[in-house]
file entry21.tsv (TSV, C-alpha atoms)
chain	number	residue	atom	x	y	z
F	1	MET	CA	-3.57	11.65	19.36
F	2	THR	CA	-5.53	14.74	18.47
F	3	THR	CA	-6.56	15.61	14.98
F	4	THR	CA	-6.75	19.21	13.88
F	5	VAL	CA	-10.16	18.50	12.36
F	6	GLY	CA	-13.14	17.95	14.64
F	7	TYR	CA	-15.91	15.45	13.97
F	8	ASP	CA	-18.53	18.15	14.46
F	9	ASP	CA	-16.81	20.40	11.94
F	10	VAL	CA	-17.31	18.07	8.98
F	11	GLU	CA	-20.38	16.88	7.14
F	12	VAL	CA	-20.96	14.28	4.49
F	13	GLY	CA	-19.78	16.12	1.38
F	14	THR	CA	-17.01	18.12	3.08
F	15	GLU	CA	-14.26	18.35	0.49
F	16	LEU	CA	-10.53	17.92	0.83
F	17	PRO	CA	-9.20	20.22	-1.93
F	18	GLU	CA	-7.12	18.76	-4.70
F	19	ARG	CA	-3.35	18.62	-4.34
F	20	LEU	CA	-0.72	17.74	-6.91
F	21	PHE	CA	2.16	15.41	-6.09
F	22	PRO	CA	5.08	15.01	-8.52
F	23	LEU	CA	6.62	11.54	-8.82
F	24	ARG	CA	9.99	11.35	-10.52
F	25	ARG	CA	12.33	8.45	-11.16
F	26	ALA	CA	14.42	9.47	-8.16
F	27	ASP	CA	11.30	9.22	-5.98
F	28	LEU	CA	10.76	5.66	-7.18
F	29	VAL	CA	14.35	4.72	-6.36
F	30	ARG	CA	14.00	6.32	-2.93
F	31	TYR	CA	10.75	4.44	-2.31
F	32	ALA	CA	12.34	1.17	-3.45
F	33	GLY	CA	15.05	1.61	-0.85
F	34	ALA	CA	12.72	2.60	1.97
F	35	SER	CA	10.13	-0.09	1.26
F	36	GLY	CA	12.40	-2.93	0.19
F	37	ASP	CA	10.46	-3.40	-3.07
F	38	PHE	CA	13.23	-3.55	-5.66
F	39	ASN	CA	11.11	-4.94	-8.50
F	40	PRO	CA	12.98	-3.59	-11.57
F	41	ILE	CA	9.75	-2.56	-13.33
F	42	HIS	CA	9.89	0.43	-10.95
F	43	TRP	CA	13.30	1.67	-12.04
F	44	ASN	CA	14.52	-0.15	-15.16
F	45	GLU	CA	13.02	0.86	-18.53
F	46	ARG	CA	14.44	-2.19	-20.30
F	47	VAL	CA	12.85	-4.65	-17.87
F	48	ALA	CA	9.57	-2.71	-17.71
F	49	THR	CA	9.08	-2.61	-21.49
F	50	ALA	CA	10.20	-6.24	-21.89
F	51	ALA	CA	7.47	-7.10	-19.38
F	52	GLY	CA	4.93	-5.40	-21.65
F	53	LEU	CA	4.49	-2.22	-19.64
F	54	PRO	CA	4.42	1.20	-21.31
F	55	GLY	CA	7.50	2.17	-19.28
F	56	VAL	CA	8.76	2.35	-15.73
F	57	ILE	CA	5.77	2.54	-13.39
F	58	ALA	CA	5.50	3.82	-9.83
F	59	HIS	CA	5.07	1.32	-7.02
F	60	GLY	CA	1.36	1.01	-6.34
F	61	MET	CA	2.19	1.39	-2.68
F	62	LEU	CA	3.88	4.73	-3.39
F	63	THR	CA	0.73	5.97	-5.13
F	64	MET	CA	-1.31	4.68	-2.18
F	65	ALA	CA	0.98	6.42	0.32
F	66	THR	CA	0.73	9.62	-1.72
F	67	ALA	CA	-3.06	9.47	-1.62
F	68	ALA	CA	-2.91	8.89	2.15
F	69	ARG	CA	-1.04	12.16	2.56
F	70	LEU	CA	-4.11	14.15	1.52
F	71	VAL	CA	-5.92	12.67	4.54
F	72	THR	CA	-3.09	12.69	7.08
F	73	ASP	CA	-2.07	16.26	6.16
F	74	TRP	CA	-5.74	17.29	6.55
F	75	ILE	CA	-6.14	15.83	10.04
F	76	GLY	CA	-2.55	16.38	11.17
F	77	ASP	CA	-2.36	13.03	12.95
F	78	PRO	CA	-1.32	10.02	10.86
F	79	GLY	CA	-2.06	7.80	13.87
F	80	ALA	CA	-5.78	8.50	13.46
F	81	VAL	CA	-6.02	6.38	10.28
F	82	GLN	CA	-7.83	3.16	11.18
F	83	GLU	CA	-8.50	1.69	7.78
F	84	PHE	CA	-7.20	2.37	4.30
F	85	GLY	CA	-7.89	0.40	1.16
F	86	VAL	CA	-7.45	0.96	-2.57
F	87	LYS	CA	-7.71	-0.78	-5.91
F	88	PHE	CA	-5.00	0.00	-8.45
F	89	SER	CA	-6.84	0.68	-11.69
F	90	SER	CA	-4.16	2.08	-13.95
F	91	PRO	CA	-0.37	2.26	-13.69
F	92	VAL	CA	1.40	5.55	-13.03
F	93	VAL	CA	4.01	5.68	-15.80
F	94	VAL	CA	7.01	7.76	-14.71
F	95	PRO	CA	9.10	8.95	-17.66
F	96	ASP	CA	12.85	9.44	-17.40
F	97	ASP	CA	12.80	13.24	-17.45
F	98	ASP	CA	12.81	16.13	-15.00
F	99	GLU	CA	9.03	16.35	-14.70
F	100	GLY	CA	8.16	12.71	-14.08
F	101	ALA	CA	4.46	12.15	-13.48
F	102	THR	CA	2.01	14.28	-11.53
F	103	VAL	CA	-0.54	12.57	-9.35
F	104	SER	CA	-3.59	14.60	-8.32
F	105	VAL	CA	-5.51	13.65	-5.20
F	106	ARG	CA	-8.76	15.07	-3.89
F	107	GLY	CA	-11.18	13.75	-1.32
F	108	VAL	CA	-14.66	14.02	0.08
F	109	VAL	CA	-16.17	12.92	3.37
F	110	GLU	CA	-18.46	10.11	2.34
F	111	LYS	CA	-19.83	8.88	5.68
F	112	LYS	CA	-19.92	9.81	9.32
F	113	LEU	CA	-19.64	6.82	11.66
F	114	ASP	CA	-19.88	6.37	15.41
F	115	GLY	CA	-16.83	6.94	17.58
F	116	ASN	CA	-16.01	10.23	15.83
F	117	ARG	CA	-14.95	8.31	12.74
F	118	VAL	CA	-15.46	9.42	9.15
F	119	VAL	CA	-14.86	7.74	5.81
F	120	VAL	CA	-12.99	9.80	3.22
F	121	ASN	CA	-13.29	8.79	-0.42
F	122	LEU	CA	-10.21	9.72	-2.45
F	123	THR	CA	-9.99	10.40	-6.17
F	124	THR	CA	-6.47	9.92	-7.49
F	125	ARG	CA	-5.59	10.69	-11.09
F	126	CYS	CA	-2.58	10.78	-13.34
F	127	ARG	CA	-2.80	12.26	-16.86
F	128	GLY	CA	-6.57	12.41	-16.42
F	129	GLU	CA	-6.95	8.70	-15.70
F	130	LYS	CA	-8.07	7.34	-12.36
F	131	VAL	CA	-5.12	5.38	-10.99
F	132	LEU	CA	-6.90	4.31	-7.80
F	133	MET	CA	-10.46	3.08	-7.42
F	134	ALA	CA	-12.48	2.49	-4.26
F	135	ALA	CA	-9.84	4.43	-2.33
F	136	ARG	CA	-11.27	4.96	1.13
F	137	ALA	CA	-9.75	5.86	4.47
F	138	THR	CA	-11.50	5.62	7.80
F	139	VAL	CA	-10.12	8.13	10.29
F	140	ARG	CA	-10.99	9.03	13.86
F	141	LEU	CA	-11.44	12.77	14.35
F	142	SER	CA	-11.42	14.80	17.55
Y	143	MET	CA	3.57	-20.37	-16.88
Y	144	PRO	CA	0.69	-20.80	-14.44
Y	145	LEU	CA	1.32	-20.38	-10.75
Y	146	ASN	CA	1.47	-23.42	-8.50
Y	147	GLN	CA	-1.97	-23.90	-6.94
Y	148	ASP	CA	-0.42	-26.10	-4.24
Y	149	PHE	CA	0.53	-22.87	-2.48
Y	150	VAL	CA	-3.08	-21.85	-1.86
Y	151	GLY	CA	-3.79	-21.99	1.85
Y	152	ARG	CA	-0.16	-21.95	2.85
Y	153	ARG	CA	0.71	-19.85	5.83
Y	154	PHE	CA	4.03	-18.17	6.47
Y	155	VAL	CA	5.12	-16.75	9.81
Y	156	SER	CA	8.04	-14.34	9.94
Y	157	PRO	CA	10.89	-16.25	11.58
Y	158	VAL	CA	12.16	-13.25	13.53
Y	159	PRO	CA	10.21	-10.23	14.76
Y	160	PHE	CA	10.16	-7.15	12.55
Y	161	GLN	CA	11.69	-4.38	14.64
Y	162	VAL	CA	10.05	-1.05	13.86
Y	163	GLY	CA	12.89	1.45	14.03
Y	164	ARG	CA	12.91	5.22	14.21
Y	165	GLU	CA	15.28	5.63	11.29
Y	166	HIS	CA	13.21	3.30	9.14
Y	167	ILE	CA	10.06	5.31	9.91
Y	168	ARG	CA	11.90	8.52	9.04
Y	169	GLN	CA	13.33	7.01	5.86
Y	170	PHE	CA	9.94	5.69	4.75
Y	171	ALA	CA	8.22	9.00	5.53
Y	172	ARG	CA	10.85	10.90	3.53
Y	173	ALA	CA	10.40	8.47	0.64
Y	174	VAL	CA	6.68	9.31	0.47
Y	175	GLY	CA	7.40	13.03	0.91
Y	176	ASP	CA	5.81	13.20	4.34
Y	177	ASP	CA	7.32	15.73	6.73
Y	178	ASN	CA	4.69	15.34	9.48
Y	179	PRO	CA	6.66	15.79	12.74
Y	180	LEU	CA	5.02	12.70	14.24
Y	181	HIS	CA	7.12	10.65	11.79
Y	182	HIS	CA	10.36	12.49	12.49
Y	183	ASP	CA	10.45	14.16	15.90
Y	184	VAL	CA	10.25	11.90	18.96
Y	185	GLU	CA	9.35	14.78	21.26
Y	186	ALA	CA	6.51	15.85	18.96
Y	187	ALA	CA	5.20	12.27	18.89
Y	188	LYS	CA	5.34	12.04	22.68
Y	189	ALA	CA	3.66	15.43	23.05
Y	190	ALA	CA	0.84	14.08	20.88
Y	191	GLY	CA	0.44	11.14	23.24
Y	192	TYR	CA	2.35	8.45	21.36
Y	193	PRO	CA	5.10	6.38	22.96
Y	194	ASP	CA	7.47	7.04	20.02
Y	195	LEU	CA	7.54	7.99	16.32
Y	196	VAL	CA	4.36	7.05	14.46
Y	197	ALA	CA	4.70	5.02	11.25
Y	198	PRO	CA	2.86	6.21	8.12
Y	199	PRO	CA	-0.39	4.30	7.45
Y	200	THR	CA	1.12	2.14	4.68
Y	201	PHE	CA	4.41	1.44	6.48
Y	202	LEU	CA	3.47	-2.17	7.28
Y	203	VAL	CA	4.10	-3.11	3.66
Y	204	THR	CA	7.76	-3.20	4.68
Y	205	ALA	CA	7.11	-5.67	7.51
Y	206	THR	CA	6.34	-8.74	5.45
Y	207	PRO	CA	8.68	-11.22	3.85
Y	208	GLY	CA	9.62	-11.02	0.19
Y	209	ALA	CA	10.14	-8.12	-2.15
Y	210	LEU	CA	6.42	-7.35	-2.35
Y	211	GLY	CA	5.50	-8.47	1.12
Y	212	LEU	CA	4.48	-11.82	-0.27
Y	213	PRO	CA	4.85	-15.27	1.22
Y	214	THR	CA	6.19	-16.18	-2.16
Y	215	ASP	CA	9.94	-16.29	-2.12
Y	216	ASP	CA	9.75	-20.02	-2.83
Y	217	PRO	CA	10.62	-20.42	-6.53
Y	218	ALA	CA	8.29	-23.43	-6.67
Y	219	LEU	CA	5.34	-20.99	-6.72
Y	220	GLY	CA	6.54	-19.86	-10.15
Y	221	LEU	CA	6.11	-16.14	-9.60
Y	222	ASP	CA	7.91	-13.84	-12.06
Y	223	TYR	CA	8.14	-10.49	-10.32
Y	224	THR	CA	8.43	-8.55	-13.56
Y	225	LEU	CA	4.96	-9.83	-14.53
Y	226	ILE	CA	3.41	-8.77	-11.23
Y	227	VAL	CA	1.39	-5.63	-10.75
Y	228	HIS	CA	-0.46	-4.65	-7.60
Y	229	GLY	CA	-4.24	-5.10	-7.77
Y	230	GLU	CA	-5.58	-4.09	-4.38
Y	231	GLN	CA	-4.27	-3.29	-0.93
Y	232	ARG	CA	-6.02	-2.79	2.39
Y	233	PHE	CA	-4.82	-2.16	5.93
Y	234	THR	CA	-6.89	-2.19	9.09
Y	235	LEU	CA	-4.95	-0.71	11.98
Y	236	ARG	CA	-6.09	-1.61	15.51
Y	237	ARG	CA	-3.69	1.07	16.71
Y	238	PRO	CA	-0.90	3.08	15.08
Y	239	VAL	CA	2.39	1.30	14.50
Y	240	VAL	CA	5.11	3.05	16.52
Y	241	ALA	CA	8.88	2.83	16.77
Y	242	GLY	CA	9.86	0.10	19.18
Y	243	ASP	CA	7.12	-2.28	18.09
Y	244	GLU	CA	8.28	-5.82	17.51
Y	245	LEU	CA	5.90	-7.44	15.08
Y	246	ILE	CA	5.33	-10.98	13.91
Y	247	ALA	CA	3.73	-11.07	10.47
Y	248	THR	CA	1.63	-14.06	9.49
Y	249	SER	CA	0.87	-14.23	5.76
Y	250	THR	CA	-1.62	-16.60	4.17
Y	251	LEU	CA	-1.90	-17.08	0.43
Y	252	THR	CA	-5.68	-17.37	0.35
Y	253	SER	CA	-6.40	-17.77	-3.35
Y	254	ILE	CA	-5.02	-17.89	-6.87
Y	255	ARG	CA	-7.71	-17.44	-9.50
Y	256	THR	CA	-7.72	-16.92	-13.23
Y	257	ALA	CA	-9.07	-13.67	-14.68
Y	258	GLY	CA	-8.81	-13.73	-18.45
Y	259	ARG	CA	-5.15	-14.19	-19.33
Y	260	ASN	CA	-4.02	-13.12	-15.86
Y	261	GLU	CA	-3.86	-14.79	-12.50
Y	262	VAL	CA	-4.93	-13.01	-9.33
Y	263	LEU	CA	-3.27	-13.85	-6.01
Y	264	VAL	CA	-4.80	-12.80	-2.72
Y	265	THR	CA	-2.69	-12.77	0.43
Y	266	THR	CA	-3.94	-11.86	3.88
Y	267	TYR	CA	-1.70	-10.60	6.65
Y	268	GLN	CA	-1.89	-10.39	10.40
Y	269	TYR	CA	0.57	-8.38	12.44
Y	270	GLU	CA	0.95	-9.12	16.14
Y	271	THR	CA	3.38	-7.87	18.73
Y	272	THR	CA	5.68	-10.44	20.28
Y	273	SER	CA	3.37	-10.32	23.31
Y	274	GLY	CA	0.40	-11.32	21.17
Y	275	GLU	CA	-1.38	-7.99	20.68
Y	276	GLU	CA	-2.94	-7.76	17.22
Y	277	VAL	CA	-1.81	-4.44	15.76
Y	278	ALA	CA	-3.13	-4.73	12.22
Y	279	VAL	CA	-4.50	-6.94	9.49
Y	280	GLY	CA	-4.11	-6.47	5.77
Y	281	THR	CA	-5.01	-7.84	2.38
Y	282	CYS	CA	-2.89	-7.70	-0.75
Y	283	THR	CA	-4.09	-8.65	-4.22
Y	284	LEU	CA	-1.52	-9.11	-6.96
Y	285	VAL	CA	-2.03	-9.63	-10.67
Y	286	SER	CA	0.32	-11.96	-12.51
Y	287	ARG	CA	0.01	-10.75	-16.09
Y	288	GLY	CA	-0.41	-13.31	-18.84
Y	289	THR	CA	0.35	-16.41	-16.77
Y	290	ALA	CA	-3.14	-17.94	-16.75
Y	291	PRO	CA	-3.33	-21.57	-17.83
Y	292	SER	CA	-3.76	-21.94	-21.57
Y	293	ARG	CA	-7.33	-22.47	-22.71
Y	294	ASP	CA	-6.31	-24.11	-25.96
Y	295	VAL	CA	-8.78	-26.80	-26.91
Y	296	PRO	CA	-7.09	-30.15	-27.60
Y	297	ALA	CA	-7.25	-31.28	-31.23
Y	298	GLY	CA	-10.44	-33.15	-32.06
Y	299	GLU	CA	-12.53	-31.52	-29.36
Y	300	GLY	CA	-15.08	-28.92	-30.33
Y	301	THR	CA	-16.42	-26.13	-28.25
Y	302	ARG	CA	-20.00	-26.29	-27.14
call {"tool": "encode", "arguments": {"input": "entry21.tsv", "output": "structure tokens"}}
result
Amino acid sequence: MTTTVGYDDVEVGTELPERLFPLRRADLVRYAGASGDFNPIHWNERVATAAGLPGVIAHGMLTMATAARLVTDWIGDPGAVQEFGVKFSSPVVVPDDDEGATVSVRGVVEKKLDGNRVVVNLTTRCRGEKVLMAARATVRLS
Amino acid sequence: MPLNQDFVGRRFVSPVPFQVGREHIRQFARAVGDDNPLHHDVEAAKAAGYPDLVAPPTFLVTATPGALGLPTDDPALGLDYTLIVHGEQRFTLRRPVVAGDELIATSTLTSIRTAGRNEVLVTTYQYETTSGEEVAVGTCTLVSRGTAPSRDVPAGEGTR
């Protein structure tokens, strides 16, 4: 229950450098199995396009979990996350090729709260578009 | 077709506890590409002060009924999963979820509103241990694309 980042070591404006996360079709299938969300729009092109989507899209929860990794990898302790909320603003279309989609995530400490807690604001993009809005995690630091 | 408003306010309680298992935590962590030892190595988790493996922050999405964690398996609601996209999601964790937890999820469909041609469903969740400790609460907003009630004006009526 100890984070590798100390409360006194961060300020409002401290940046979490951008990281790139590839999402391929196989990742969507793996997430479907692990999460139990087998909605075919996340693995079946025919169903996705018939439903009016541009193609197979990643589970929003997979994008959210990917964004969370920037924070949990930064602090080292995933148990220190107390609150995490996002709005899904644009779908992450994952083409059926070897590259898939690349999601970029960067963050900035937005607030320092009592109890050694900080709020990290995350910016998550795919193909230049913001795929998450109002993505904020509250974490308790050492 | 519009969703059935009769479902607003309905509450669903998981009939059996959701058993948080080590292998499920490991499987979920692998699926999100997370190799943090606290998700995989029991000794590492214990050394960090946890009773067992720690679940990733979004793991609780697996602990609710229905394919999307919705209290909406009842076909009478009229939900077409292929028309659903996720709008918003929030978790508030009172403490980390750990392997060995037995959780009862209570889901409440709090609203269905129209937004243009879409309908927006909001569901709130509460997760308690079988001994009554609240572990987390959550909110899920889903968008049902194109299912809003038709706004066609009946013949003979003008718009103001």
call {"tool": "residues_near_point", "arguments": {"input": "entry21.tsv", "point": "(-16.0, 17.7, -0.2)", "cutoff": "6 Å", "atoms": "all atoms listed in the file", "output": "PyMOL selection string"}}
result
chain F and resi 13-16+108-109
call {"tool": "interface_residues", "arguments": {"input": "entry21.tsv", "of": "chain F", "to": "chain Y", "cutoff": "8 Å", "atoms": "only C-alpha atoms", "output": "number ranges by chain"}}
result
F: 1-2, 27, 30-31, 34-41, 47-48, 51, 60-62, 64-66, 68-69, 73, 76-89
call {"tool": "write_last_selection", "arguments": {"input": "entry21.tsv", "atoms": "C-alpha atoms", "output": "PDB file, keeping the file's coordinate frame"}}
result
ATOM      1  CA  MET F   1      -3.570  11.650  19.360  1.00  0.00           C
ATOM      2  CA  THR F   2      -5.530  14.740  18.470  1.00  0.00           C
ATOM      3  CA  ASP F  27      11.300   9.220  -5.980  1.00  0.00           C
ATOM      4  CA  ARG F  30      14.000   6.320  -2.930  1.00  0.00           C
ATOM      5  CA  TYR F  31      10.750   4.440  -2.310  1.00  0.00           C
ATOM      6  CA  ALA F  34      12.720   2.600   1.970  1.00  0.00           C
ATOM      7  CA  SER F  35      10.130  -0.090   1.260  1.00  0.00           C
ATOM      8  CA  GLY F  36      12.400  -2.930   0.190  1.00  0.00           C
ATOM      9  CA  ASP F  37      10.460  -3.400  -3.070  1.00  0.00           C
ATOM     10  CA  PHE F  38      13.230  -3.550  -5.660  1.00  0.00           C
ATOM     11  CA  ASN F  39      11.110  -4.940  -8.500  1.00  0.00           C
ATOM     12  CA  PRO F  40      12.980  -3.590 -11.570  1.00  0.00           C
ATOM     13  CA  ILE F  41       9.750  -2.560 -13.330  1.00  0.00           C
ATOM     14  CA  VAL F  47      12.850  -4.650 -17.870  1.00  0.00           C
ATOM     15  CA  ALA F  48       9.570  -2.710 -17.710  1.00  0.00           C
ATOM     16  CA  ALA F  51       7.470  -7.100 -19.380  1.00  0.00           C
ATOM     17  CA  GLY F  60       1.360   1.010  -6.340  1.00  0.00           C
ATOM     18  CA  MET F  61       2.190   1.390  -2.680  1.00  0.00           C
ATOM     19  CA  LEU F  62       3.880   4.730  -3.390  1.00  0.00           C
ATOM     20  CA  MET F  64      -1.310   4.680  -2.180  1.00  0.00           C
ATOM     21  CA  ALA F  65       0.980   6.420   0.320  1.00  0.00           C
ATOM     22  CA  THR F  66       0.730   9.620  -1.720  1.00  0.00           C
ATOM     23  CA  ALA F  68      -2.910   8.890   2.150  1.00  0.00           C
ATOM     24  CA  ARG F  69      -1.040  12.160   2.560  1.00  0.00           C
ATOM     25  CA  ASP F  73      -2.070  16.260   6.160  1.00  0.00           C
ATOM     26  CA  GLY F  76      -2.550  16.380  11.170  1.00  0.00           C
ATOM     27  CA  ASP F  77      -2.360  13.030  12.950  1.00  0.00           C
ATOM     28  CA  PRO F  78      -1.320  10.020  10.860  1.00  0.00           C
ATOM     29  CA  GLY F  79      -2.060   7.800  13.870  1.00  0.00           C
ATOM     30  CA  ALA F  80      -5.780   8.500  13.460  1.00  0.00           C
ATOM     31  CA  VAL F  81      -6.020   6.380  10.280  1.00  0.00           C
ATOM     32  CA  GLN F  82      -7.830   3.160  11.180  1.00  0.00           C
ATOM     33  CA  GLU F  83      -8.500   1.690   7.780  1.00  0.00           C
ATOM     34  CA  PHE F  84      -7.200   2.370   4.300  1.00  0.00           C
ATOM     35  CA  GLY F  85      -7.890   0.400   1.160  1.00  0.00           C
ATOM     36  CA  VAL F  86      -7.450   0.960  -2.570  1.00  0.00           C
ATOM     37  CA  LYS F  87      -7.710  -0.780  -5.910  1.00  0.00           C
ATOM     38  CA  PHE F  88      -5.000   0.000  -8.450  1.00  0.00           C
ATOM     39  CA  SER F  89      -6.840   0.680 -11.690  1.00  0.00           C
TER      40      SER F  89
END
call {"tool": "atom_distance", "arguments": {"input": "entry21.tsv", "atom1": "atom CA of F:Glu99", "atom2": "atom CA of F:Gly33"}}
result
21.1 Å
call {"tool": "atom_distance", "arguments": {"input": "entry21.tsv", "atom1": "atom CA of F:Val139", "atom2": "atom CA of F:Val120"}}
result
7.8 Å
call {"tool": "residues_around", "arguments": {"input": "entry21.tsv", "residues": "F:Gly128", "least_positions_apart": "5", "cutoff": "12 Å", "atoms": "all atoms listed in the file", "output": "number ranges by chain"}}
result
F: 90, 92, 101-105, 123
call {"tool": "atom_distance", "arguments": {"input": "entry21.tsv", "atom1": "atom CA of F:Leu23", "atom2": "atom CA of F:Ile57"}}
result
10.1 Å
call {"tool": "residues_around", "arguments": {"input": "entry21.tsv", "residues": "F:Tyr7", "least_positions_apart": "5", "cutoff": "6 Å", "atoms": "only C-alpha atoms", "output": "list in words"}}
result
Asn116, Leu141 and Ser142 of chain F
call {"tool": "build_atoms", "arguments": {"input": "entry21.tsv", "residues": "stretch 150-166 of chain Y", "atoms": "N, CA, C and O atoms", "output": "PDB file, in the frame of the given file"}}
result
ATOM      1  N   VAL Y 150      -1.870 -22.454  -2.428  1.00  0.00           N
ATOM      2  CA  VAL Y 150      -3.080 -21.850  -1.860  1.00  0.00           C
ATOM      3  C   VAL Y 150      -3.328 -22.437  -0.464  1.00  0.00           C
ATOM      4  O   VAL Y 150      -3.287 -23.656  -0.275  1.00  0.00           O
ATOM      5  N   GLY Y 151      -3.556 -21.561   0.482  1.00  0.00           N
ATOM      6  CA  GLY Y 151      -3.790 -21.990   1.850  1.00  0.00           C
ATOM      7  C   GLY Y 151      -2.539 -22.041   2.694  1.00  0.00           C
ATOM      8  O   GLY Y 151      -2.618 -22.194   3.911  1.00  0.00           O
ATOM      9  N   ARG Y 152      -1.396 -21.890   2.065  1.00  0.00           N
ATOM     10  CA  ARG Y 152      -0.160 -21.950   2.850  1.00  0.00           C
ATOM     11  C   ARG Y 152       0.001 -20.707   3.702  1.00  0.00           C
ATOM     12  O   ARG Y 152      -0.350 -19.600   3.294  1.00  0.00           O
ATOM     13  N   ARG Y 153       0.552 -20.921   4.864  1.00  0.00           N
ATOM     14  CA  ARG Y 153       0.710 -19.850   5.830  1.00  0.00           C
ATOM     15  C   ARG Y 153       2.198 -19.689   6.140  1.00  0.00           C
ATOM     16  O   ARG Y 153       2.920 -20.681   6.249  1.00  0.00           O
ATOM     17  N   PHE Y 154       2.620 -18.461   6.233  1.00  0.00           N
ATOM     18  CA  PHE Y 154       4.030 -18.170   6.470  1.00  0.00           C
ATOM     19  C   PHE Y 154       4.123 -17.232   7.670  1.00  0.00           C
ATOM     20  O   PHE Y 154       3.436 -16.210   7.714  1.00  0.00           O
ATOM     21  N   VAL Y 155       4.944 -17.589   8.623  1.00  0.00           N
ATOM     22  CA  VAL Y 155       5.120 -16.750   9.810  1.00  0.00           C
ATOM     23  C   VAL Y 155       6.540 -16.225   9.794  1.00  0.00           C
ATOM     24  O   VAL Y 155       7.486 -16.996   9.580  1.00  0.00           O
ATOM     25  N   SER Y 156       6.690 -14.902   9.989  1.00  0.00           N
ATOM     26  CA  SER Y 156       8.040 -14.340   9.940  1.00  0.00           C
ATOM     27  C   SER Y 156       8.892 -14.998  11.027  1.00  0.00           C
ATOM     28  O   SER Y 156       8.476 -15.107  12.175  1.00  0.00           O
ATOM     29  N   PRO Y 157      10.066 -15.468  10.656  1.00  0.00           N
ATOM     30  CA  PRO Y 157      10.890 -16.250  11.580  1.00  0.00           C
ATOM     31  C   PRO Y 157      11.468 -15.415  12.724  1.00  0.00           C
ATOM     32  O   PRO Y 157      11.711 -15.947  13.804  1.00  0.00           O
ATOM     33  N   VAL Y 158      11.675 -14.135  12.463  1.00  0.00           N
ATOM     34  CA  VAL Y 158      12.160 -13.250  13.530  1.00  0.00           C
ATOM     35  C   VAL Y 158      11.243 -12.026  13.547  1.00  0.00           C
ATOM     36  O   VAL Y 158      10.681 -11.647  12.520  1.00  0.00           O
ATOM     37  N   PRO Y 159      11.087 -11.399  14.710  1.00  0.00           N
ATOM     38  CA  PRO Y 159      10.210 -10.230  14.760  1.00  0.00           C
ATOM     39  C   PRO Y 159      10.740  -9.101  13.886  1.00  0.00           C
ATOM     40  O   PRO Y 159      11.947  -8.945  13.715  1.00  0.00           O
ATOM     41  N   PHE Y 160       9.814  -8.350  13.305  1.00  0.00           N
ATOM     42  CA  PHE Y 160      10.160  -7.150  12.550  1.00  0.00           C
ATOM     43  C   PHE Y 160      10.255  -6.008  13.557  1.00  0.00           C
ATOM     44  O   PHE Y 160       9.267  -5.650  14.207  1.00  0.00           O
ATOM     45  N   GLN Y 161      11.444  -5.455  13.676  1.00  0.00           N
ATOM     46  CA  GLN Y 161      11.690  -4.380  14.640  1.00  0.00           C
ATOM     47  C   GLN Y 161      11.393  -3.053  13.952  1.00  0.00           C
ATOM     48  O   GLN Y 161      12.059  -2.692  12.976  1.00  0.00           O
ATOM     49  N   VAL Y 162      10.397  -2.351  14.445  1.00  0.00           N
ATOM     50  CA  VAL Y 162      10.050  -1.050  13.860  1.00  0.00           C
ATOM     51  C   VAL Y 162      11.001  -0.010  14.435  1.00  0.00           C
ATOM     52  O   VAL Y 162      10.975   0.272  15.637  1.00  0.00           O
ATOM     53  N   GLY Y 163      11.853   0.534  13.567  1.00  0.00           N
ATOM     54  CA  GLY Y 163      12.890   1.450  14.030  1.00  0.00           C
ATOM     55  C   GLY Y 163      12.599   2.897  13.676  1.00  0.00           C
ATOM     56  O   GLY Y 163      11.927   3.186  12.685  1.00  0.00           O
ATOM     57  N   ARG Y 164      13.109   3.786  14.475  1.00  0.00           N
ATOM     58  CA  ARG Y 164      12.910   5.220  14.210  1.00  0.00           C
ATOM     59  C   ARG Y 164      13.450   5.626  12.850  1.00  0.00           C
ATOM     60  O   ARG Y 164      12.790   6.352  12.095  1.00  0.00           O
ATOM     61  N   GLU Y 165      14.680   5.188  12.554  1.00  0.00           N
ATOM     62  CA  GLU Y 165      15.280   5.630  11.290  1.00  0.00           C
ATOM     63  C   GLU Y 165      14.514   5.072  10.090  1.00  0.00           C
ATOM     64  O   GLU Y 165      14.431   5.724   9.053  1.00  0.00           O
ATOM     65  N   HIS Y 166      13.973   3.879  10.246  1.00  0.00           N
ATOM     66  CA  HIS Y 166      13.210   3.300   9.140  1.00  0.00           C
ATOM     67  C   HIS Y 166      11.912   4.091   8.932  1.00  0.00           C
ATOM     68  O   HIS Y 166      11.507   4.353   7.801  1.00  0.00           O
TER      69      HIS Y 166
END
